[in-house]
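Student: The structure file input-v1.txt (compact mmCIF, C-alpha atoms and all ligand atoms) is provided below.
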# COMPACT_ATOMS: atom_id res chain seq x y z
CA MET A 1 0.00 0.00 0.00
CA THR A 2 1.35 3.47 -0.84
CA GLU A 3 1.57 6.11 1.89
CA ARG A 4 -1.31 8.01 0.26
CA GLU A 5 -3.52 4.90 0.19
CA GLU A 6 -2.63 4.18 3.80
CA ILE A 7 -3.65 7.70 4.89
CA LYS A 8 -6.89 7.40 2.89
CA THR A 9 -7.70 4.09 4.61
CA LEU A 10 -6.87 5.50 8.04
CA VAL A 11 -9.11 8.52 7.52
CA SER A 12 -11.91 6.30 6.25
CA ASP A 13 -11.57 3.93 9.27
CA LEU A 14 -11.60 6.88 11.63
CA HIS A 15 -14.66 8.34 9.93
CA ASP A 16 -16.50 5.00 10.24
CA HIS A 17 -15.53 4.67 13.88
CA LEU A 18 -16.66 8.20 14.74
CA SER A 19 -19.95 7.65 12.94
CA TRP A 20 -20.46 4.47 14.94
CA LEU A 21 -19.71 6.27 18.23
CA LYS A 22 -22.17 9.02 17.31
CA ALA A 23 -24.86 6.49 16.37
CA GLU A 24 -24.35 4.79 19.75
CA GLY A 25 -24.85 8.12 21.53
CA PHE A 26 -21.23 8.91 22.47
CA ASP A 27 -20.23 12.48 21.72
CA THR A 28 -16.46 12.24 21.85
CA TRP A 29 -13.90 9.74 20.64
CA LYS A 30 -12.49 9.76 24.17
CA SER A 31 -15.68 8.17 25.50
CA GLU A 32 -15.26 4.91 27.36
CA VAL A 33 -17.52 2.48 25.53
CA PRO A 34 -18.98 -0.13 27.90
CA PHE A 35 -18.29 -3.78 27.04
CA SER A 36 -22.03 -4.47 26.75
CA VAL A 37 -22.26 -1.97 23.84
CA LEU A 38 -19.21 -3.47 22.13
CA GLN A 39 -20.75 -6.91 22.47
CA ASP A 40 -24.29 -6.07 21.34
CA ASN A 41 -23.45 -3.71 18.53
CA PRO A 42 -19.74 -3.99 17.69
CA PRO A 43 -17.96 -1.18 15.81
CA PRO A 44 -17.69 -1.60 12.03
CA LEU A 45 -15.08 -3.95 10.70
CA THR A 46 -12.05 -2.39 9.07
CA LEU A 47 -9.77 -4.00 6.51
CA ARG A 48 -6.87 -3.24 8.83
CA GLY A 49 -8.62 -5.08 11.69
CA ILE A 50 -9.47 -8.07 9.49
CA ARG A 51 -5.87 -8.27 8.27
CA ALA A 52 -4.60 -8.08 11.84
CA ASP A 53 -6.98 -10.86 12.86
CA LEU A 54 -5.62 -13.10 10.07
CA GLY A 55 -2.07 -12.51 11.31
CA ASP A 56 0.38 -15.21 10.21
CA CYS A 57 -2.60 -17.41 9.39
CA GLN A 58 -2.13 -21.15 9.92
CA ARG A 59 -5.85 -22.01 10.04
CA CYS A 60 -5.40 -24.47 7.16
CA ARG A 61 -2.51 -26.41 5.61
CA LEU A 62 -1.88 -23.74 2.94
CA GLY A 63 -0.24 -21.64 5.65
CA GLU A 64 2.68 -24.10 5.68
CA THR A 65 3.55 -23.78 2.00
CA ARG A 66 2.65 -20.20 1.03
CA LYS A 67 5.29 -17.47 0.82
CA ASN A 68 2.90 -14.57 1.35
CA LEU A 69 -0.70 -14.33 2.42
CA VAL A 70 -2.53 -12.42 -0.33
CA PHE A 71 -5.12 -10.30 1.47
CA GLY A 72 -6.45 -7.93 -1.20
CA VAL A 73 -5.75 -4.50 -2.65
CA GLY A 74 -7.58 -1.36 -3.64
CA ASP A 75 -10.06 1.16 -2.35
CA ALA A 76 -11.47 0.23 1.07
CA LYS A 77 -14.75 1.88 -0.01
CA ALA A 78 -14.85 0.62 -3.59
CA GLU A 79 -18.22 0.33 -5.32
CA LEU A 80 -16.86 -2.52 -7.39
CA MET A 81 -15.00 -5.53 -6.08
CA PHE A 82 -13.40 -8.31 -8.13
CA VAL A 83 -13.06 -11.75 -6.58
CA GLY A 84 -10.86 -14.40 -8.16
CA GLU A 85 -9.97 -17.93 -7.16
CA GLY A 86 -6.69 -17.86 -5.29
CA PRO A 87 -3.10 -16.66 -5.58
CA GLY A 88 -0.77 -18.21 -8.17
CA ALA A 89 3.02 -18.22 -8.08
CA ASP A 90 3.41 -14.51 -8.93
CA GLU A 91 0.83 -13.42 -6.37
CA ASP A 92 2.37 -15.69 -3.73
CA ALA A 93 5.77 -14.12 -4.39
CA GLU A 94 4.48 -10.53 -4.26
CA GLY A 95 1.66 -10.79 -1.72
CA GLU A 96 -0.72 -9.00 -4.10
CA PRO A 97 -3.65 -10.48 -6.08
CA PHE A 98 -3.68 -10.62 -9.87
CA VAL A 99 -0.16 -9.48 -10.68
CA GLY A 100 0.79 -12.29 -13.10
CA LYS A 101 -0.30 -12.67 -16.75
CA ALA A 102 -3.98 -13.10 -15.87
CA GLY A 103 -3.64 -10.14 -13.51
CA GLN A 104 -2.23 -7.94 -16.26
CA LEU A 105 -5.26 -8.77 -18.38
CA LEU A 106 -7.57 -8.01 -15.43
CA THR A 107 -5.84 -4.64 -15.02
CA LYS A 108 -6.52 -3.89 -18.71
CA MET A 109 -10.16 -4.92 -18.28
CA ILE A 110 -10.51 -2.58 -15.29
CA GLU A 111 -8.88 0.26 -17.22
CA ALA A 112 -11.18 -0.36 -20.20
CA MET A 113 -14.06 0.33 -17.79
CA GLY A 114 -12.54 3.75 -17.09
CA LEU A 115 -11.37 2.62 -13.65
CA SER A 116 -8.04 1.68 -12.11
CA ARG A 117 -6.82 -0.98 -9.68
CA GLU A 118 -6.75 1.75 -7.01
CA ARG A 119 -10.45 2.57 -7.49
CA VAL A 120 -11.75 -1.00 -7.19
CA TYR A 121 -10.99 -3.72 -4.65
CA ILE A 122 -9.41 -7.01 -5.73
CA ALA A 123 -9.39 -10.18 -3.62
CA ASN A 124 -9.66 -13.94 -3.92
CA ILE A 125 -11.77 -16.72 -2.43
CA ILE A 126 -8.66 -18.11 -0.72
CA LYS A 127 -5.71 -16.06 0.47
CA CYS A 128 -2.89 -18.57 0.16
CA ARG A 129 -1.52 -20.36 -2.88
CA PRO A 130 -2.32 -24.05 -3.09
CA PRO A 131 0.82 -26.09 -3.90
CA GLN A 132 1.30 -26.57 -7.69
CA ASN A 133 -1.82 -24.39 -8.16
CA ARG A 134 -4.10 -27.33 -7.38
CA ASN A 135 -7.77 -26.58 -6.72
CA PRO A 136 -8.50 -25.36 -3.20
CA GLN A 137 -10.06 -28.01 -0.95
CA ALA A 138 -13.38 -27.60 0.85
CA ASP A 139 -11.84 -27.20 4.33
CA GLU A 140 -9.38 -24.60 3.01
CA ILE A 141 -12.24 -22.57 1.55
CA ALA A 142 -14.22 -22.96 4.77
CA SER A 143 -11.31 -21.58 6.84
CA CYS A 144 -10.80 -18.61 4.56
CA ARG A 145 -14.37 -17.69 3.72
CA PRO A 146 -15.24 -15.79 6.91
CA PHE A 147 -12.42 -13.36 6.16
CA LEU A 148 -13.62 -12.66 2.62
CA ASP A 149 -17.14 -12.22 4.01
CA GLN A 150 -15.76 -9.71 6.51
CA GLN A 151 -13.88 -7.85 3.75
CA ILE A 152 -17.11 -7.62 1.75
CA ALA A 153 -18.96 -6.39 4.86
CA ALA A 154 -16.28 -3.75 5.51
CA ILE A 155 -16.08 -2.49 1.93
CA ARG A 156 -19.81 -2.74 1.19
CA PRO A 157 -19.36 -2.78 -2.60
CA LYS A 158 -22.39 -2.24 -4.81
CA ILE A 159 -21.27 -4.99 -7.16
CA ILE A 160 -18.97 -7.98 -6.92
CA CYS A 161 -17.61 -9.28 -10.20
CA ALA A 162 -16.89 -12.97 -9.64
CA LEU A 163 -14.05 -14.11 -11.88
CA GLY A 164 -14.42 -17.67 -13.11
CA THR A 165 -16.19 -20.83 -12.07
CA PHE A 166 -14.67 -21.20 -8.69
CA ALA A 167 -15.36 -17.65 -7.43
CA ALA A 168 -18.87 -17.59 -8.91
CA GLN A 169 -19.89 -20.99 -7.55
CA THR A 170 -18.41 -20.31 -4.12
CA LEU A 171 -19.89 -16.83 -3.73
CA LEU A 172 -23.30 -17.90 -4.98
CA ASN A 173 -23.24 -21.27 -3.25
CA THR A 174 -24.22 -23.13 -6.41
CA GLN A 175 -22.91 -25.79 -8.77
CA THR A 176 -24.36 -24.05 -11.85
CA ARG A 177 -21.86 -23.72 -14.71
CA ILE A 178 -20.10 -20.39 -15.22
CA SER A 179 -21.41 -20.26 -18.81
CA ASP A 180 -24.96 -20.20 -17.36
CA LEU A 181 -24.16 -17.86 -14.46
CA ARG A 182 -22.20 -15.24 -16.38
CA GLY A 183 -23.66 -12.06 -17.73
CA HIS A 184 -26.50 -11.83 -15.19
CA PHE A 185 -26.77 -10.12 -11.87
CA HIS A 186 -27.30 -12.45 -8.93
CA GLU A 187 -27.80 -11.45 -5.32
CA ARG A 188 -25.75 -12.41 -2.29
CA ASN A 189 -26.54 -10.95 1.13
CA GLY A 190 -27.84 -7.75 -0.44
CA VAL A 191 -24.87 -7.33 -2.80
CA LYS A 192 -25.19 -7.75 -6.56
CA VAL A 193 -22.86 -10.40 -7.99
CA LEU A 194 -22.05 -10.52 -11.68
CA PRO A 195 -20.03 -13.59 -12.69
CA THR A 196 -17.86 -13.56 -15.77
CA PHE A 197 -15.08 -15.68 -17.23
CA HIS A 198 -11.71 -15.69 -15.46
CA PRO A 199 -8.95 -13.68 -17.20
CA ALA A 200 -6.74 -16.81 -17.23
CA TYR A 201 -9.48 -18.53 -19.28
CA LEU A 202 -9.53 -15.54 -21.64
CA LEU A 203 -5.79 -15.90 -22.20
CA ARG A 204 -6.50 -19.36 -23.61
CA ASN A 205 -9.83 -18.50 -25.28
CA SER A 206 -9.55 -14.99 -26.68
CA GLY A 207 -12.81 -15.51 -28.62
CA GLU A 208 -14.67 -15.11 -25.30
CA LYS A 209 -13.32 -11.58 -24.70
CA LYS A 210 -16.39 -10.07 -26.38
CA ARG A 211 -18.69 -11.78 -23.91
CA VAL A 212 -16.64 -10.59 -20.96
CA TRP A 213 -16.62 -7.04 -22.30
CA SER A 214 -20.41 -7.14 -22.55
CA ASP A 215 -20.56 -8.40 -18.91
CA LEU A 216 -18.29 -5.56 -17.79
CA GLN A 217 -20.46 -3.08 -19.67
CA ARG A 218 -23.48 -4.28 -17.66
CA ILE A 219 -21.57 -3.40 -14.53
CA MET A 220 -20.62 -0.01 -15.97
CA VAL A 221 -24.27 0.79 -16.74
CA ASP A 222 -25.30 -0.23 -13.24
CA LEU A 223 -22.59 1.94 -11.69
CA GLY A 224 -23.44 4.88 -13.97
CA LEU A 225 -20.03 4.79 -15.67
CA PRO A 226 -19.90 6.19 -19.21
CA LEU A 227 -19.73 3.57 -21.95
CA PRO A 228 -17.16 4.18 -24.68
CA GLU A 229 -18.65 5.50 -27.90
CA ARG A 230 -19.23 2.88 -30.59
CA LYS A 231 -16.93 3.25 -33.57
N1 LIG B 1 -5.86 -16.00 -10.43
C1 LIG B 1 -6.70 -15.73 -9.40
O1 LIG B 1 -7.81 -16.25 -9.35
N2 LIG B 1 -6.29 -14.89 -8.48
C2 LIG B 1 -5.12 -14.27 -8.51
O2 LIG B 1 -4.83 -13.49 -7.61
C3 LIG B 1 -4.27 -14.56 -9.59
C4 LIG B 1 -4.65 -15.41 -10.54
Using structure tokens, write down the structure that the file contains.
Tutor:
Amino acid sequence: MTEREEIKTLVSDLHDHLSWLKAEGFDTWKSEVPFSVLQDNPPPLTLRGIRADLGDCQRCRLGETRKNLVFGVGDAKAELMFVGEGPGADEDAEGEPFVGKAGQLLTKMIEAMGLSRERVYIANIIKCRPPQNRNPQADEIASCRPFLDQQIAAIRPKIICALGTFAAQTLLNTQTRISDLRGHFHERNGVKVLPTFHPAYLLRNSGEKKRVWSDLQRIMVDLGLPLPERK
């Protein structure tokens, strides 16, 4: 995180905390908040707090083999969040999601929408790389899922773009194929979810790029972003 992003996150956390104090009837940040209030109506989650809670996570076996835990990057108040499957070798080495070849394509897709990586939030279903990029196992997903749920609750995006089969099926708790899920808005705990093909799949099947672009345009319309003029 750059210094500027860090300051922005701090200010946003402070703002949320002060709003919570006010809503609970405390008029100064110096107020002593009784434990009963903290228990019944806890202060809002912050990405910083969630990251701290994860710590040097060893809740599943992936903790033993990963180099870096890949938490997520971007705007803590993003309207649009992208969720992929899990870190690959490049992401494991750098501790940042979508920085390899598929990540470079995702960055281009985001920029084609008139956005940037800094204006959206990018995360994965699991935060640690499975050895040899094997598929994540059910207990690994189960250990990691509460933290993604907390990130979504903290960011409160308007739309989640689920990238690929694994993210779409996990977020929507379904076994329906990505080709049937993609291109439509679904709902998950009050947040719209639009599944589309994973950028790694697009690298192998460039003919599907048109479909993905039309999915991204649906998101742009919903967010009120200007569509590029047709040539
Ligand atoms: N693929 C993913 O699903 N996530 C990443 O972070 C990188 C590649």
Student: For ligand LIG 1 (chain B), list the contacting residues at 10 Å or closer, counting all atoms listed in the file, as a PyMOL selection string.
Tutor: chain A and resi 70-72+82-92+95-104+106+122-129+133+162-167+198-201
Student: Name the closest residue to Gln137 (chain A) among the candidates A:Leu171, A:Met109, A:Cys60, A:Leu69; distances are taken between atoms, counting only C-alpha atoms.
Tutor: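 Closest to Gln137 (chain A) of all the choices is A:Cys60.
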Student: Can you tell me which residues surround region 205-211 of chain A at a distance of at most 12 Å, considering all atoms listed in the file, apart from same-chain residues fewer than 3 positions away, and format the answer as a list in words?
Tutor: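 Counting only the stated atoms, we get Leu105, Leu106, Lys108, Met109, Ser179, Arg182, Gly183, His184, Pro195, Thr196, Phe197, His198, Pro199, Ala200, Tyr201, Leu202, Ser214, Asp215, Leu216, Gln217 and Arg218 of chain A.
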Student: Please list as JSON, numbers by chain every residue within 12 Å of Leu54 (chain A), counting only C-alpha atoms and excluding residues in the same chain fewer than 3 positions away.
Tutor: {"A": [47, 48, 49, 50, 51, 57, 58, 59, 60, 63, 69, 70, 71, 127, 128, 143, 144, 145, 146, 147, 148, 150, 151]}
Student: Please measure the separation of CA of Leu62 (chain A) and CA of Ala93 (chain A), giving the value in Å to one decimal.
Tutor: 14.3 Å
Student: Near Val193 (chain A), counting all atoms listed in the file, which residues have an atom at most 9 Å away, once you skip same-chain residues fewer than 4 positions from it, shown as a ChimeraX atom specification?
Tutor: /A:158-162,168,171-172,184-188
Student: Which polymer residues have any atom within 10 Å of an atom of Thr9 (chain A), counting only C-alpha atoms, with same-chain residues fewer than 4 positions away left out, as a list in words?
Tutor: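 So the residues in contact are Met1, Glu3, Arg4, Glu5, Asp13, Leu14, His15, Thr46, Leu47, Arg48, Gly74, Asp75, Ala76 and Lys77 of chain A.
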Student: When you look at Pro42 (chain A) with a cut-off of 12 Å (counting all atoms listed in the file), what residues show up, excluding the ones that are within fewer than 6 positions of it in the same chain? I need them as a ChimeraX atom specification.
Tutor: /A:17,20-21,23-24,33-36
Student: Given only C-alpha atoms as the basis, pick out the residue of A:Gln169, A:Ser12, A:Gln175, A:Ser116 nearest to Pro44 (chain A).
Tutor: A:Ser12
Student: Report, in Å with one decimal, the straight-line distance from CA of Ile110 (chain A) to CA of Thr170 (chain A).
Tutor: 22.4 Å
Student: If I take CA of Val73 (chain A) and CA of Glu94 (chain A), how far is one from the other in Å, to one decimal?
Tutor: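 Here the two named atoms are 12.0 Å from each other.
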Student: The residues within 6 Å of (-16.2, -1.3, -3.1), using only C-alpha atoms and the coordinates of the file, should be reported as a PDB file with C-alpha atoms, keeping the file's coordinate frame; which are they?
Tutor:
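Okay, this is what ended up in selection-v2.pdb:
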ATOM      1  CA  LYS A  77     -14.750   1.880  -0.010  1.00  0.00           C
ATOM      2  CA  ALA A  78     -14.850   0.620  -3.590  1.00  0.00           C
ATOM      3  CA  GLU A  79     -18.220   0.330  -5.320  1.00  0.00           C
ATOM      4  CA  LEU A  80     -16.860  -2.520  -7.390  1.00  0.00           C
ATOM      5  CA  MET A  81     -15.000  -5.530  -6.080  1.00  0.00           C
ATOM      6  CA  TYR A 121     -10.990  -3.720  -4.650  1.00  0.00           C
ATOM      7  CA  ILE A 155     -16.080  -2.490   1.930  1.00  0.00           C
ATOM      8  CA  ARG A 156     -19.810  -2.740   1.190  1.00  0.00           C
ATOM      9  CA  PRO A 157     -19.360  -2.780  -2.600  1.00  0.00           C
TER      10      PRO A 157
END
